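K.L.:
Handing over input.cif, mmCIF, C-alpha atoms.
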```cif
data_model
#
loop_
_atom_site.group_PDB
_atom_site.id
_atom_site.type_symbol
_atom_site.label_atom_id
_atom_site.label_comp_id
_atom_site.auth_asym_id
_atom_site.auth_seq_id
_atom_site.Cartn_x
_atom_site.Cartn_y
_atom_site.Cartn_z
ATOM 1 C CA MET A 26 -165.420 82.749 -26.992
ATOM 2 C CA PHE A 27 -163.580 80.890 -24.229
ATOM 3 C CA GLY A 28 -164.392 82.175 -20.752
ATOM 4 C CA PHE A 29 -167.985 83.098 -21.660
ATOM 5 C CA SER A 30 -171.159 81.144 -20.919
ATOM 6 C CA ALA A 31 -173.987 80.309 -23.296
ATOM 7 C CA THR A 32 -176.468 80.373 -20.402
ATOM 8 C CA ALA A 33 -175.203 83.163 -18.085
ATOM 9 C CA PRO A 34 -174.598 86.919 -18.543
ATOM 10 C CA THR A 35 -171.090 88.314 -18.947
ATOM 11 C CA PHE A 36 -168.928 89.607 -16.112
ATOM 12 C CA ASP A 37 -168.573 93.386 -15.643
ATOM 13 C CA GLY A 38 -165.318 94.495 -17.246
ATOM 14 C CA PHE A 39 -165.165 91.495 -19.581
ATOM 15 C CA LYS A 40 -164.098 93.677 -22.526
ATOM 16 C CA ALA A 41 -160.773 94.328 -20.813
ATOM 17 C CA LEU A 42 -160.399 90.943 -19.099
ATOM 18 C CA ARG A 43 -160.926 88.974 -22.326
ATOM 19 C CA HIS A 44 -157.566 90.289 -23.593
ATOM 20 C CA LEU A 45 -155.674 88.923 -20.579
ATOM 21 C CA GLY A 46 -154.143 85.494 -20.414
ATOM 22 C CA PRO A 47 -152.630 84.230 -17.147
ATOM 23 C CA THR A 48 -152.187 87.393 -15.045
ATOM 24 C CA ASN A 49 -151.423 86.643 -11.425
ATOM 25 C CA VAL A 50 -149.114 86.940 -8.445
ATOM 26 C CA SER A 51 -147.708 84.070 -6.387
ATOM 27 C CA TYR A 52 -146.344 83.797 -2.876
ATOM 28 C CA LEU A 53 -144.321 80.927 -1.426
ATOM 29 C CA ALA A 54 -145.381 80.727 2.212
ATOM 30 C CA PRO A 55 -142.943 79.183 4.739
ATOM 31 C CA VAL A 56 -145.313 76.357 5.677
ATOM 32 C CA GLY A 57 -143.824 72.875 5.851
ATOM 33 C CA LYS A 58 -142.072 72.192 2.556
ATOM 34 C CA GLY A 59 -143.539 75.393 1.093
ATOM 35 C CA LEU A 60 -147.118 76.386 0.363
ATOM 36 C CA THR A 61 -147.580 78.235 -2.951
ATOM 37 C CA VAL A 62 -150.491 80.689 -3.009
ATOM 38 C CA GLN A 63 -151.545 82.247 -6.311
ATOM 39 C CA GLY A 64 -154.133 84.918 -7.050
ATOM 40 C CA GLY A 65 -155.509 86.501 -10.219
ATOM 41 C CA ILE A 66 -156.151 84.847 -13.580
ATOM 42 C CA PHE A 67 -154.311 81.531 -13.813
ATOM 43 C CA ALA A 68 -154.252 78.421 -16.000
ATOM 44 C CA SER A 69 -157.157 76.130 -15.207
ATOM 45 C CA LEU A 70 -156.497 73.089 -13.061
ATOM 46 C CA ILE A 71 -159.074 71.305 -15.202
ATOM 47 C CA GLY A 72 -158.153 69.756 -18.533
ATOM 48 C CA TYR A 73 -155.205 68.252 -20.346
ATOM 49 C CA ASP A 74 -155.010 70.977 -23.008
ATOM 50 C CA SER A 75 -153.840 74.575 -22.843
ATOM 51 C CA LEU A 76 -155.637 77.526 -24.414
ATOM 52 C CA TYR A 77 -152.496 78.154 -26.493
ATOM 53 C CA ALA A 78 -151.727 75.863 -29.424
ATOM 54 C CA LYS A 79 -147.964 76.125 -28.877
ATOM 55 C CA ASP A 80 -148.335 74.176 -25.611
ATOM 56 C CA ASN A 81 -150.444 71.374 -27.114
ATOM 57 C CA PHE A 82 -149.674 68.426 -29.376
ATOM 58 C CA ASN A 83 -152.429 69.403 -31.833
ATOM 59 C CA TYR A 84 -153.278 72.755 -33.403
ATOM 60 C CA THR A 85 -157.028 72.492 -32.719
ATOM 61 C CA ARG A 86 -158.389 71.637 -29.294
ATOM 62 C CA PRO A 87 -160.724 68.789 -28.240
ATOM 63 C CA TRP A 88 -164.411 69.314 -27.545
ATOM 64 C CA GLY A 89 -164.060 68.561 -23.852
ATOM 65 C CA ALA A 90 -161.466 71.308 -23.480
ATOM 66 C CA ASP A 91 -163.599 73.938 -25.219
ATOM 67 C CA PHE A 92 -166.495 73.382 -22.801
ATOM 68 C CA THR A 93 -164.472 73.359 -19.591
ATOM 69 C CA PRO A 94 -162.415 76.281 -18.218
ATOM 70 C CA TYR A 95 -159.087 77.172 -19.849
ATOM 71 C CA LEU A 96 -158.469 79.943 -17.319
ATOM 72 C CA MET A 97 -159.676 80.545 -13.777
ATOM 73 C CA MET A 98 -159.990 83.791 -11.822
ATOM 74 C CA GLY A 99 -159.585 83.674 -8.068
ATOM 75 C CA LEU A 100 -157.170 82.025 -5.638
ATOM 76 C CA ASN A 101 -155.411 78.681 -5.484
ATOM 77 C CA ALA A 102 -152.945 77.075 -3.109
ATOM 78 C CA SER A 103 -150.727 74.061 -3.824
ATOM 79 C CA TYR A 104 -148.541 71.928 -1.576
ATOM 80 C CA SER A 105 -146.143 69.042 -2.280
ATOM 81 C CA PHE A 106 -146.622 66.425 0.413
ATOM 82 C CA ASN A 107 -143.689 64.384 -0.893
ATOM 83 C CA GLU A 108 -141.863 63.692 -4.157
ATOM 84 C CA LYS A 109 -144.863 61.843 -5.580
ATOM 85 C CA LEU A 110 -147.994 63.538 -4.232
ATOM 86 C CA THR A 111 -149.074 67.160 -4.729
ATOM 87 C CA GLY A 112 -152.379 68.678 -3.683
ATOM 88 C CA ALA A 113 -154.128 71.922 -4.594
ATOM 89 C CA VAL A 114 -157.324 73.746 -3.668
ATOM 90 C CA PHE A 115 -158.929 76.715 -5.400
ATOM 91 C CA VAL A 116 -161.728 79.241 -5.045
ATOM 92 C CA ILE A 117 -162.837 80.984 -8.248
ATOM 93 C CA ASN A 118 -165.546 83.379 -9.382
ATOM 94 C CA GLY A 119 -167.356 80.737 -11.440
ATOM 95 C CA TYR A 120 -167.243 77.958 -14.022
ATOM 96 C CA TRP A 121 -166.390 80.503 -16.738
ATOM 97 C CA HIS A 122 -164.211 83.339 -15.502
ATOM 98 C CA LEU A 123 -165.873 85.940 -17.773
ATOM 99 C CA ALA A 124 -169.439 84.896 -16.900
ATOM 100 C CA ASN A 125 -171.482 86.344 -14.054
ATOM 101 C CA ALA A 126 -174.073 83.686 -13.280
ATOM 102 C CA ASN A 127 -174.315 84.770 -9.617
ATOM 103 C CA SER A 128 -172.237 86.101 -6.728
ATOM 104 C CA VAL A 129 -171.441 82.695 -5.208
ATOM 105 C CA PRO A 130 -167.878 81.447 -5.854
ATOM 106 C CA SER A 131 -167.073 77.943 -7.076
ATOM 107 C CA SER A 132 -164.415 75.790 -5.452
ATOM 108 C CA GLY A 133 -162.527 72.593 -5.961
ATOM 109 C CA GLY A 134 -159.312 70.676 -5.532
ATOM 110 C CA GLN A 135 -156.760 68.507 -7.250
ATOM 111 C CA LEU A 136 -154.510 65.598 -6.343
ATOM 112 C CA ALA A 137 -151.564 64.770 -8.615
ATOM 113 C CA TYR A 138 -149.695 61.509 -8.045
ATOM 114 C CA GLN A 139 -146.522 60.442 -9.845
ATOM 115 C CA ALA A 140 -146.982 56.693 -9.893
ATOM 116 C CA SER A 141 -143.613 56.160 -11.595
ATOM 117 C CA PRO A 142 -140.955 58.265 -13.316
ATOM 118 C CA HIS A 143 -143.080 58.074 -16.477
ATOM 119 C CA VAL A 144 -146.691 57.899 -15.237
ATOM 120 C CA THR A 145 -148.712 60.703 -13.628
ATOM 121 C CA VAL A 146 -152.312 60.540 -12.419
ATOM 122 C CA LYS A 147 -154.407 63.673 -11.754
ATOM 123 C CA GLU A 148 -157.878 63.959 -10.280
ATOM 124 C CA THR A 149 -159.588 67.360 -10.192
ATOM 125 C CA VAL A 150 -163.063 68.221 -8.909
ATOM 126 C CA LEU A 151 -165.092 71.441 -9.210
ATOM 127 C CA TRP A 152 -168.331 72.339 -7.442
ATOM 128 C CA GLY A 153 -170.364 75.517 -7.664
ATOM 129 C CA SER A 154 -173.485 77.256 -8.880
ATOM 130 C CA HIS A 155 -173.818 78.300 -12.511
ATOM 131 C CA GLN A 156 -177.410 79.551 -12.354
ATOM 132 C CA THR A 157 -179.240 82.502 -10.809
ATOM 133 C CA ASP A 158 -180.785 80.183 -8.214
ATOM 134 C CA THR A 159 -177.830 79.340 -5.954
ATOM 135 C CA SER A 160 -179.533 76.583 -3.943
ATOM 136 C CA LEU A 161 -177.195 73.654 -3.366
ATOM 137 C CA LYS A 162 -179.432 71.275 -5.295
ATOM 138 C CA TYR A 163 -178.747 73.282 -8.462
ATOM 139 C CA TRP A 164 -174.961 73.390 -8.162
ATOM 140 C CA ARG A 165 -172.825 72.051 -11.000
ATOM 141 C CA SER A 166 -170.299 69.316 -10.242
ATOM 142 C CA LEU A 167 -167.400 68.263 -12.426
ATOM 143 C CA SER A 168 -164.655 65.663 -12.199
ATOM 144 C CA ASP A 169 -161.627 65.430 -14.463
ATOM 145 C CA THR A 170 -159.415 62.336 -14.470
ATOM 146 C CA ILE A 171 -156.109 62.327 -16.378
ATOM 147 C CA VAL A 172 -153.574 59.521 -16.713
ATOM 148 C CA GLU A 173 -150.430 60.384 -18.665
ATOM 149 C CA ARG A 174 -147.406 58.300 -19.586
ATOM 150 C CA LYS A 175 -144.347 60.130 -20.901
ATOM 151 C CA GLY A 176 -141.684 58.033 -22.571
ATOM 152 C CA ASP A 177 -138.505 58.998 -24.358
ATOM 153 C CA ARG A 178 -140.233 58.941 -27.745
ATOM 154 C CA VAL A 179 -143.944 58.335 -27.116
ATOM 155 C CA THR A 180 -146.373 60.173 -24.838
ATOM 156 C CA PHE A 181 -149.975 59.147 -24.450
ATOM 157 C CA ALA A 182 -152.722 60.247 -22.107
ATOM 158 C CA PHE A 183 -156.279 59.338 -21.215
ATOM 159 C CA GLU A 184 -158.730 61.964 -19.993
ATOM 160 C CA TYR A 185 -162.303 61.508 -18.784
ATOM 161 C CA ILE A 186 -164.551 64.442 -17.840
ATOM 162 C CA TYR A 187 -167.942 64.106 -16.152
ATOM 163 C CA SER A 188 -170.177 67.067 -15.323
ATOM 164 C CA SER A 189 -173.756 67.316 -14.125
ATOM 165 C CA GLU A 190 -176.246 69.826 -12.730
ATOM 166 C CA ARG A 191 -179.954 70.057 -11.996
ATOM 167 C CA VAL A 192 -181.474 72.819 -14.125
ATOM 168 C CA VAL A 193 -183.895 75.435 -12.799
ATOM 169 C CA ALA A 194 -186.697 74.589 -15.232
ATOM 170 C CA LEU A 195 -190.009 72.803 -15.370
ATOM 171 C CA GLY A 196 -189.545 69.360 -13.872
ATOM 172 C CA LYS A 197 -186.055 70.271 -12.579
ATOM 173 C CA PRO A 198 -184.264 68.070 -15.147
ATOM 174 C CA ARG A 199 -180.684 66.950 -14.590
ATOM 175 C CA ALA A 200 -178.241 67.883 -17.366
ATOM 176 C CA LEU A 201 -175.271 65.655 -18.089
ATOM 177 C CA MET A 202 -172.043 66.036 -20.063
ATOM 178 C CA MET A 203 -169.215 63.563 -20.582
ATOM 179 C CA ALA A 204 -166.040 63.826 -22.638
ATOM 180 C CA SER A 205 -163.016 61.650 -23.192
ATOM 181 C CA GLN A 206 -159.850 61.743 -25.294
ATOM 182 C CA LEU A 207 -156.788 59.572 -25.914
ATOM 183 C CA PRO A 208 -153.975 61.649 -27.486
ATOM 184 C CA ILE A 209 -150.872 59.737 -28.623
ATOM 185 C CA HIS A 210 -147.766 61.773 -29.459
ATOM 186 C CA TRP A 211 -144.685 60.329 -31.167
ATOM 187 C CA THR A 212 -141.409 62.276 -31.252
ATOM 188 C CA ILE A 213 -139.663 61.041 -34.375
ATOM 189 C CA ASN A 214 -136.554 63.179 -33.893
ATOM 190 C CA LYS A 215 -135.639 66.661 -32.641
ATOM 191 C CA ARG A 216 -137.634 68.333 -35.411
ATOM 192 C CA TRP A 217 -140.388 65.940 -36.501
ATOM 193 C CA SER A 218 -143.310 64.591 -34.469
ATOM 194 C CA ALA A 219 -146.792 63.181 -35.062
ATOM 195 C CA THR A 220 -149.970 63.039 -32.966
ATOM 196 C CA VAL A 221 -153.264 61.166 -33.211
ATOM 197 C CA ARG A 222 -156.138 62.179 -30.920
ATOM 198 C CA PRO A 223 -159.429 60.209 -30.910
ATOM 199 C CA GLU A 224 -162.159 61.728 -28.725
ATOM 200 C CA VAL A 225 -165.839 61.597 -27.856
ATOM 201 C CA PHE A 226 -168.111 64.296 -26.405
ATOM 202 C CA TRP A 227 -171.673 63.773 -25.141
ATOM 203 C CA ASP A 228 -173.964 66.681 -24.288
ATOM 204 C CA ARG A 229 -177.095 64.714 -23.445
ATOM 205 C CA ASP A 230 -179.331 67.699 -22.732
ATOM 206 C CA GLY A 231 -177.656 70.488 -24.720
ATOM 207 C CA ARG A 232 -176.696 72.384 -21.576
ATOM 208 C CA TRP A 233 -173.067 73.002 -22.584
ATOM 209 C CA THR A 234 -173.202 73.282 -26.383
ATOM 210 C CA LEU A 235 -176.917 74.218 -26.673
ATOM 211 C CA ALA A 236 -177.343 71.100 -28.823
ATOM 212 C CA ARG A 237 -178.287 67.591 -27.709
ATOM 213 C CA GLN A 238 -175.564 65.657 -29.455
ATOM 214 C CA THR A 239 -172.846 63.049 -29.339
ATOM 215 C CA VAL A 240 -169.666 64.030 -31.149
ATOM 216 C CA LYS A 241 -166.887 61.686 -32.209
ATOM 217 C CA ALA A 242 -163.679 63.112 -33.635
ATOM 218 C CA ILE A 243 -160.225 62.025 -34.777
ATOM 219 C CA THR A 244 -157.431 64.574 -35.210
ATOM 220 C CA THR A 245 -154.103 63.768 -36.870
ATOM 221 C CA THR A 246 -151.193 66.215 -36.760
ATOM 222 C CA VAL A 247 -147.707 66.274 -38.251
ATOM 223 C CA GLU A 248 -145.322 68.834 -36.758
ATOM 224 C CA TYR A 249 -141.931 70.267 -37.768
ATOM 225 C CA ARG A 250 -139.929 72.541 -35.438
ATOM 226 C CA ILE A 251 -137.237 75.049 -36.357
ATOM 227 C CA PRO A 252 -135.412 76.252 -33.227
ATOM 228 C CA TYR A 253 -133.113 79.237 -33.631
ATOM 229 C CA ARG A 254 -131.443 80.897 -30.639
ATOM 230 C CA TRP A 255 -134.281 82.099 -28.385
ATOM 231 C CA THR A 256 -137.002 81.608 -31.025
ATOM 232 C CA ASN A 257 -138.944 78.543 -32.094
ATOM 233 C CA THR A 258 -140.962 78.166 -35.301
ATOM 234 C CA ILE A 259 -143.558 75.401 -35.319
ATOM 235 C CA LEU A 260 -145.170 74.162 -38.559
ATOM 236 C CA ARG A 261 -148.237 71.932 -38.231
ATOM 237 C CA LEU A 262 -150.314 70.154 -40.858
ATOM 238 C CA GLU A 263 -153.523 68.798 -39.361
ATOM 239 C CA HIS A 264 -156.562 66.847 -40.500
ATOM 240 C CA ARG A 265 -159.658 66.670 -38.330
ATOM 241 C CA TRP A 266 -162.831 64.603 -38.751
ATOM 242 C CA ASP A 267 -165.901 65.345 -36.613
ATOM 243 C CA ASP A 268 -169.160 63.400 -36.492
ATOM 244 C CA SER A 269 -172.175 64.839 -34.633
ATOM 245 C CA ARG A 270 -175.300 62.737 -34.059
ATOM 246 C CA GLY A 271 -178.375 63.170 -31.889
ATOM 247 C CA PRO A 272 -181.634 65.181 -31.738
ATOM 248 C CA ASP A 273 -179.770 68.444 -32.428
ATOM 249 C CA GLY A 274 -176.636 67.003 -34.013
ATOM 250 C CA GLY A 275 -175.006 68.084 -37.221
ATOM 251 C CA PHE A 276 -172.884 70.860 -38.703
ATOM 252 C CA PHE A 277 -173.964 73.813 -40.847
ATOM 253 C CA ARG A 278 -173.336 73.041 -44.505
ATOM 254 C CA GLY A 279 -173.713 76.561 -45.852
ATOM 255 C CA ALA A 280 -177.282 76.718 -47.125
ATOM 256 C CA GLU A 281 -180.937 76.324 -46.220
ATOM 257 C CA VAL A 282 -182.606 73.159 -47.495
ATOM 258 C CA ALA A 283 -185.952 74.992 -47.341
ATOM 259 C CA PRO A 284 -187.045 78.498 -46.306
ATOM 260 C CA GLY A 285 -186.169 78.840 -42.638
ATOM 261 C CA VAL A 286 -184.737 75.310 -42.441
ATOM 262 C CA ILE A 287 -180.983 75.223 -41.871
ATOM 263 C CA GLY A 288 -179.092 72.598 -43.814
ATOM 264 C CA LEU A 289 -177.044 70.253 -41.622
ATOM 265 C CA THR A 290 -174.608 67.436 -42.267
ATOM 266 C CA PRO A 291 -173.545 64.900 -39.614
ATOM 267 C CA THR A 292 -169.856 64.932 -40.532
ATOM 268 C CA GLN A 293 -167.244 67.490 -41.418
ATOM 269 C CA HIS A 294 -163.567 67.432 -42.427
ATOM 270 C CA LEU A 295 -160.992 70.103 -41.694
ATOM 271 C CA LEU A 296 -157.519 70.375 -43.221
ATOM 272 C CA ILE A 297 -155.448 73.157 -41.724
ATOM 273 C CA PHE A 298 -151.875 74.390 -41.852
ATOM 274 C CA GLY A 299 -150.661 76.261 -38.786
ATOM 275 C CA LEU A 300 -147.595 78.423 -38.324
ATOM 276 C CA ILE A 301 -146.622 79.219 -34.720
ATOM 277 C CA PHE A 302 -143.737 81.499 -33.837
ATOM 278 C CA THR A 303 -142.555 81.799 -30.221
ATOM 279 C CA PHE A 304 -140.010 84.137 -28.674
ATOM 280 C CA ASP A 305 -138.558 83.314 -25.272
ATOM 281 C CA ARG A 306 -135.610 85.161 -23.766
#
```
Show the structure stored in the file as structure tokens.
P.N.:
Amino acid sequence: MFGFSATAPTFDGFKALRHLGPTNVSYLAPVGKGLTVQGGIFASLIGYDSLYAKDNFNYTRPWGADFTPYLMMGLNASYSFNEKLTGAVFVINGYWHLANANSVPSSGGQLAYQASPHVTVKETVLWGSHQTDTSLKYWRSLSDTIVERKGDRVTFAFEYIYSSERVVALGKPRALMMASQLPIHWTINKRWSATVRPEVFWDRDGRWTLARQTVKAITTTVEYRIPYRWTNTILRLEHRWDDSRGPDGGFFRGAEVAPGVIGLTPTQHLLIFGLIFTFDR
């Protein structure tokens, strides 16, 4: 259900748009060192993880990624100031590209700095209304900070997401969400690799997940790749442990403990085998 909102109606034409991944056009404008302008549906500037498992270290995605945009619909422009610093700005239809909360666009920007040949720092901000009342005091703000170090064998990253908005409700409460992850990826050889990803997700007021909860999770993945000509077969064995606590925390355990009372358990385990086949010519 990526691209949809739990609190806003769907966008007209969503039945067709939901089947589209990145679908856009780009233009390299002769401005300075080159200004790249892109329009359409494009990969979100927010988040460390892609919508597609083939582009990620793990098969499943972190909580913070699932409740921030994977794709954006609108315009963006990026410019490389020098070999180390790149900036981008964007204007999009909303927080979720398939939701139609209102007719006011959201906007934001990103700075990416290559601190060293191995270390990259990204800071992205988003600001816009996600409610029917578009007054500035009700706009949602989000910041996403990513620090990544890529070595010859080991890659690790730290991501911290903070988002907040004042809700149009009695008392005008302020909703808050925070998420963080620390994926560590080890390339053993050309075919084998392993990844461990601890994470935490806090939806204090249930605005993003509709449940007031704090989730802790650890995901461990072992991967084996089989490249052949222009194809690549990826085999992944993954274990995931999630722990949800709080006023509305817990996972459905498959039965009612009493008539009308849903049975919940604070923890769950997932063991999954994934087969990914890619074709690139």
K.L.:
Carefully work through the PyMOL selection byres ((chain A and resi 137) around 9) for this structure and note down the residues it includes, as a count of residues only.
P.N.:
14
K.L.:
So how far away is atom CA of A:Arg250 from atom CA of A:Asn81, in Å?
P.N.:
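Separation of atom CA of A:Asn81 and atom CA of A:Arg250: 13.5 Å.
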K.L.:
Assuming the chain letters and numbering stay as they are in my file, what does the PyMOL selection byres ((chain A and resi 115) around 8) actually select? List them as a VMD selection string.
P.N.:
chain A and resid 99 to 102 113 to 114 116 to 117 132 to 134
K.L.:
Produce a file of the selected residues containing C-alpha atoms, as a CSV table (one decimal), keeping the file's coordinate frame.
P.N.:
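Final output, selection.csv:
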```
chain,number,residue,atom,x,y,z
A,99,GLY,CA,-159.6,83.7,-8.1
A,100,LEU,CA,-157.2,82.0,-5.6
A,101,ASN,CA,-155.4,78.7,-5.5
A,102,ALA,CA,-152.9,77.1,-3.1
A,113,ALA,CA,-154.1,71.9,-4.6
A,114,VAL,CA,-157.3,73.7,-3.7
A,116,VAL,CA,-161.7,79.2,-5.0
A,117,ILE,CA,-162.8,81.0,-8.2
A,132,SER,CA,-164.4,75.8,-5.5
A,133,GLY,CA,-162.5,72.6,-6.0
A,134,GLY,CA,-159.3,70.7,-5.5
```
K.L.:
Using the chain letters and numbers from the file, which residues does the PyMOL selection byres ((chain A and resi 267) around 9) grab, as a PDB file with C-alpha atoms, in the frame of the given file?
P.N.:
```
ATOM      1  CA  VAL A 240    -169.666  64.030 -31.149  1.00  0.00           C
ATOM      2  CA  LYS A 241    -166.887  61.686 -32.209  1.00  0.00           C
ATOM      3  CA  ALA A 242    -163.679  63.112 -33.635  1.00  0.00           C
ATOM      4  CA  ILE A 243    -160.225  62.025 -34.777  1.00  0.00           C
ATOM      5  CA  THR A 244    -157.431  64.574 -35.210  1.00  0.00           C
ATOM      6  CA  ARG A 265    -159.658  66.670 -38.330  1.00  0.00           C
ATOM      7  CA  TRP A 266    -162.831  64.603 -38.751  1.00  0.00           C
ATOM      8  CA  ASP A 268    -169.160  63.400 -36.492  1.00  0.00           C
ATOM      9  CA  SER A 269    -172.175  64.839 -34.633  1.00  0.00           C
ATOM     10  CA  PRO A 291    -173.545  64.900 -39.614  1.00  0.00           C
ATOM     11  CA  THR A 292    -169.856  64.932 -40.532  1.00  0.00           C
ATOM     12  CA  GLN A 293    -167.244  67.490 -41.418  1.00  0.00           C
ATOM     13  CA  HIS A 294    -163.567  67.432 -42.427  1.00  0.00           C
ATOM     14  CA  LEU A 295    -160.992  70.103 -41.694  1.00  0.00           C
TER      15      LEU A 295
END
```
K.L.:
Of the candidates A:Ala194, A:Ile301, A:Ile209, A:Ala124, which shows the shortest atom-to-atom distance to A:Gly176, using only C-alpha atoms?
P.N.:
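Under the stated criterion, the closest residue is A:Ile209.
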K.L.:
Identify which of the residues A:Val172, A:Met98, A:Leu296, A:Val150 lies closest to A:Val247, counting only C-alpha atoms when measuring atom-to-atom distances.
P.N.:
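Closest to A:Val247 of all the choices is A:Leu296.
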K.L.:
What gap, in Å, lies between atom CA of A:Met97 and atom CA of A:Ser30?
P.N.:
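Answer for the atom CA of A:Met97 to atom CA of A:Ser30 separation: 13.5 Å.
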K.L.:
Wanna dump the stretch 31-122 of chain A-stretch 154-164 of chain A contacts at 10 Å for me, each residue with its shortest atom pair and the distance in Å to one decimal, counting all atoms listed in the file, ordered by chain and number, as a Markdown table?
P.N.:
```
| residue | atom | partner | partner_atom | distance |
| --- | --- | --- | --- | --- |
| A:Thr32 | CA | A:Gln156 | CA | 8.1 |
| A:Ala33 | CA | A:Gln156 | CA | 7.1 |
| A:Gly119 | CA | A:His155 | CA | 7.0 |
| A:Tyr120 | CA | A:His155 | CA | 6.8 |
| A:Trp121 | CA | A:His155 | CA | 8.8 |
```
K.L.:
Go through A:Glu184, A:Tyr52, A:Leu123, A:Thr93 one by one, measure the shortest atom-to-atom distance of each to A:Ile66 using only C-alpha atoms, and give the residue with the smallest value.
P.N.:
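The closest residue to A:Ile66 is A:Leu123.
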K.L.:
To one decimal place in Å, what is the distance between atom CA of A:Trp233 and atom CA of A:Trp88?
P.N.:
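Atom CA of A:Trp233 sits 10.6 Å away from atom CA of A:Trp88.
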K.L.:
Mind working out the centre and edge lengths of an axis-aligned box for stretch 103-119 of chain A, all listed atoms inside, 6 Å added to each side, rounded to one decimal in Å and written as AutoDock Vina command-line options?
P.N.:
```
--center_x -154.6 --center_y 72.6 --center_z -5.5 --size_x 37.5 --size_y 33.5 --size_z 23.9
```
K.L.:
Got a sec: who's within 8 Å of A:Phe82, counting all atoms listed in the file, leaving out chain neighbours fewer than 4 positions off, as a list in words?
P.N.:
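Listing them by chain and then by number gives Ala78, His210, Thr220 and Thr246 of chain A.
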K.L.:
With 9 Å as the threshold, what does the neighbourhood of (-171.1, 82.0, -2.6) contain in terms of residues, counting all atoms listed in the file? Coordinates are those of the file; answer as a count of residues only.
P.N.:
9
K.L.:
Between A:Phe36, A:Phe29, A:Tyr104, A:Tyr95, which one has atoms that come closest to A:Pro55, using only C-alpha atoms?
P.N.:
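The answer is A:Tyr104, which sits nearest to A:Pro55.
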K.L.:
Excluding same-chain residues fewer than 3 positions from A:Ser51, what lies within 7 Å of it counting all atoms listed in the file, as a tab-separated table (two decimals) with C-alpha atoms, in the coordinates of the input?
P.N.:
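Writing done, so here's part-v9.tsv:
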```tsv
chain	number	residue	atom	x	y	z
A	61	THR	CA	-147.58	78.24	-2.95
A	62	VAL	CA	-150.49	80.69	-3.01
A	63	GLN	CA	-151.54	82.25	-6.31
A	64	GLY	CA	-154.13	84.92	-7.05
```
K.L.:
Please extract stretch 254-267 of chain A and write it out with N, CA and C atoms, as a PDB file, in the first residue's frame.
P.N.:
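As written to disk, part10.pdb reads:
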```
ATOM      1  N   ARG A 254      25.776 -13.548 -17.717  1.00  0.00           N
ATOM      2  CA  ARG A 254      25.632 -12.628 -18.834  1.00  0.00           C
ATOM      3  C   ARG A 254      24.933 -11.356 -18.367  1.00  0.00           C
ATOM      4  N   TRP A 255      23.745 -11.046 -18.930  1.00  0.00           N
ATOM      5  CA  TRP A 255      23.059  -9.821 -18.542  1.00  0.00           C
ATOM      6  C   TRP A 255      21.964 -10.081 -17.501  1.00  0.00           C
ATOM      7  N   THR A 256      21.994 -11.243 -16.856  1.00  0.00           N
ATOM      8  CA  THR A 256      21.032 -11.545 -15.797  1.00  0.00           C
ATOM      9  C   THR A 256      21.748 -11.670 -14.453  1.00  0.00           C
ATOM     10  N   ASN A 257      20.965 -11.537 -13.394  1.00  0.00           N
ATOM     11  CA  ASN A 257      21.506 -11.707 -12.048  1.00  0.00           C
ATOM     12  C   ASN A 257      20.438 -12.358 -11.183  1.00  0.00           C
ATOM     13  N   THR A 258      20.752 -13.487 -10.575  1.00  0.00           N
ATOM     14  CA  THR A 258      19.840 -14.177  -9.676  1.00  0.00           C
ATOM     15  C   THR A 258      20.327 -13.963  -8.249  1.00  0.00           C
ATOM     16  N   ILE A 259      19.432 -13.501  -7.400  1.00  0.00           N
ATOM     17  CA  ILE A 259      19.778 -13.186  -6.016  1.00  0.00           C
ATOM     18  C   ILE A 259      18.961 -14.090  -5.095  1.00  0.00           C
ATOM     19  N   LEU A 260      19.638 -14.850  -4.241  1.00  0.00           N
ATOM     20  CA  LEU A 260      18.980 -15.708  -3.252  1.00  0.00           C
ATOM     21  C   LEU A 260      19.217 -15.103  -1.874  1.00  0.00           C
ATOM     22  N   ARG A 261      18.135 -14.908  -1.117  1.00  0.00           N
ATOM     23  CA  ARG A 261      18.265 -14.315   0.217  1.00  0.00           C
ATOM     24  C   ARG A 261      17.506 -15.135   1.256  1.00  0.00           C
ATOM     25  N   LEU A 262      18.188 -15.438   2.344  1.00  0.00           N
ATOM     26  CA  LEU A 262      17.570 -16.065   3.507  1.00  0.00           C
ATOM     27  C   LEU A 262      17.593 -15.033   4.622  1.00  0.00           C
ATOM     28  N   GLU A 263      16.416 -14.735   5.185  1.00  0.00           N
ATOM     29  CA  GLU A 263      16.327 -13.609   6.115  1.00  0.00           C
ATOM     30  C   GLU A 263      15.500 -13.965   7.345  1.00  0.00           C
ATOM     31  N   HIS A 264      15.995 -13.554   8.493  1.00  0.00           N
ATOM     32  CA  HIS A 264      15.245 -13.655   9.743  1.00  0.00           C
ATOM     33  C   HIS A 264      14.996 -12.249  10.264  1.00  0.00           C
ATOM     34  N   ARG A 265      13.761 -12.029  10.723  1.00  0.00           N
ATOM     35  CA  ARG A 265      13.391 -10.711  11.235  1.00  0.00           C
ATOM     36  C   ARG A 265      12.647 -10.866  12.557  1.00  0.00           C
ATOM     37  N   TRP A 266      13.050 -10.060  13.544  1.00  0.00           N
ATOM     38  CA  TRP A 266      12.387 -10.022  14.845  1.00  0.00           C
ATOM     39  C   TRP A 266      11.864  -8.620  15.079  1.00  0.00           C
ATOM     40  N   ASP A 267      10.559  -8.509  15.372  1.00  0.00           N
ATOM     41  CA  ASP A 267       9.935  -7.214  15.651  1.00  0.00           C
ATOM     42  C   ASP A 267       9.312  -7.243  17.038  1.00  0.00           C
TER      43      ASP A 267
END
```
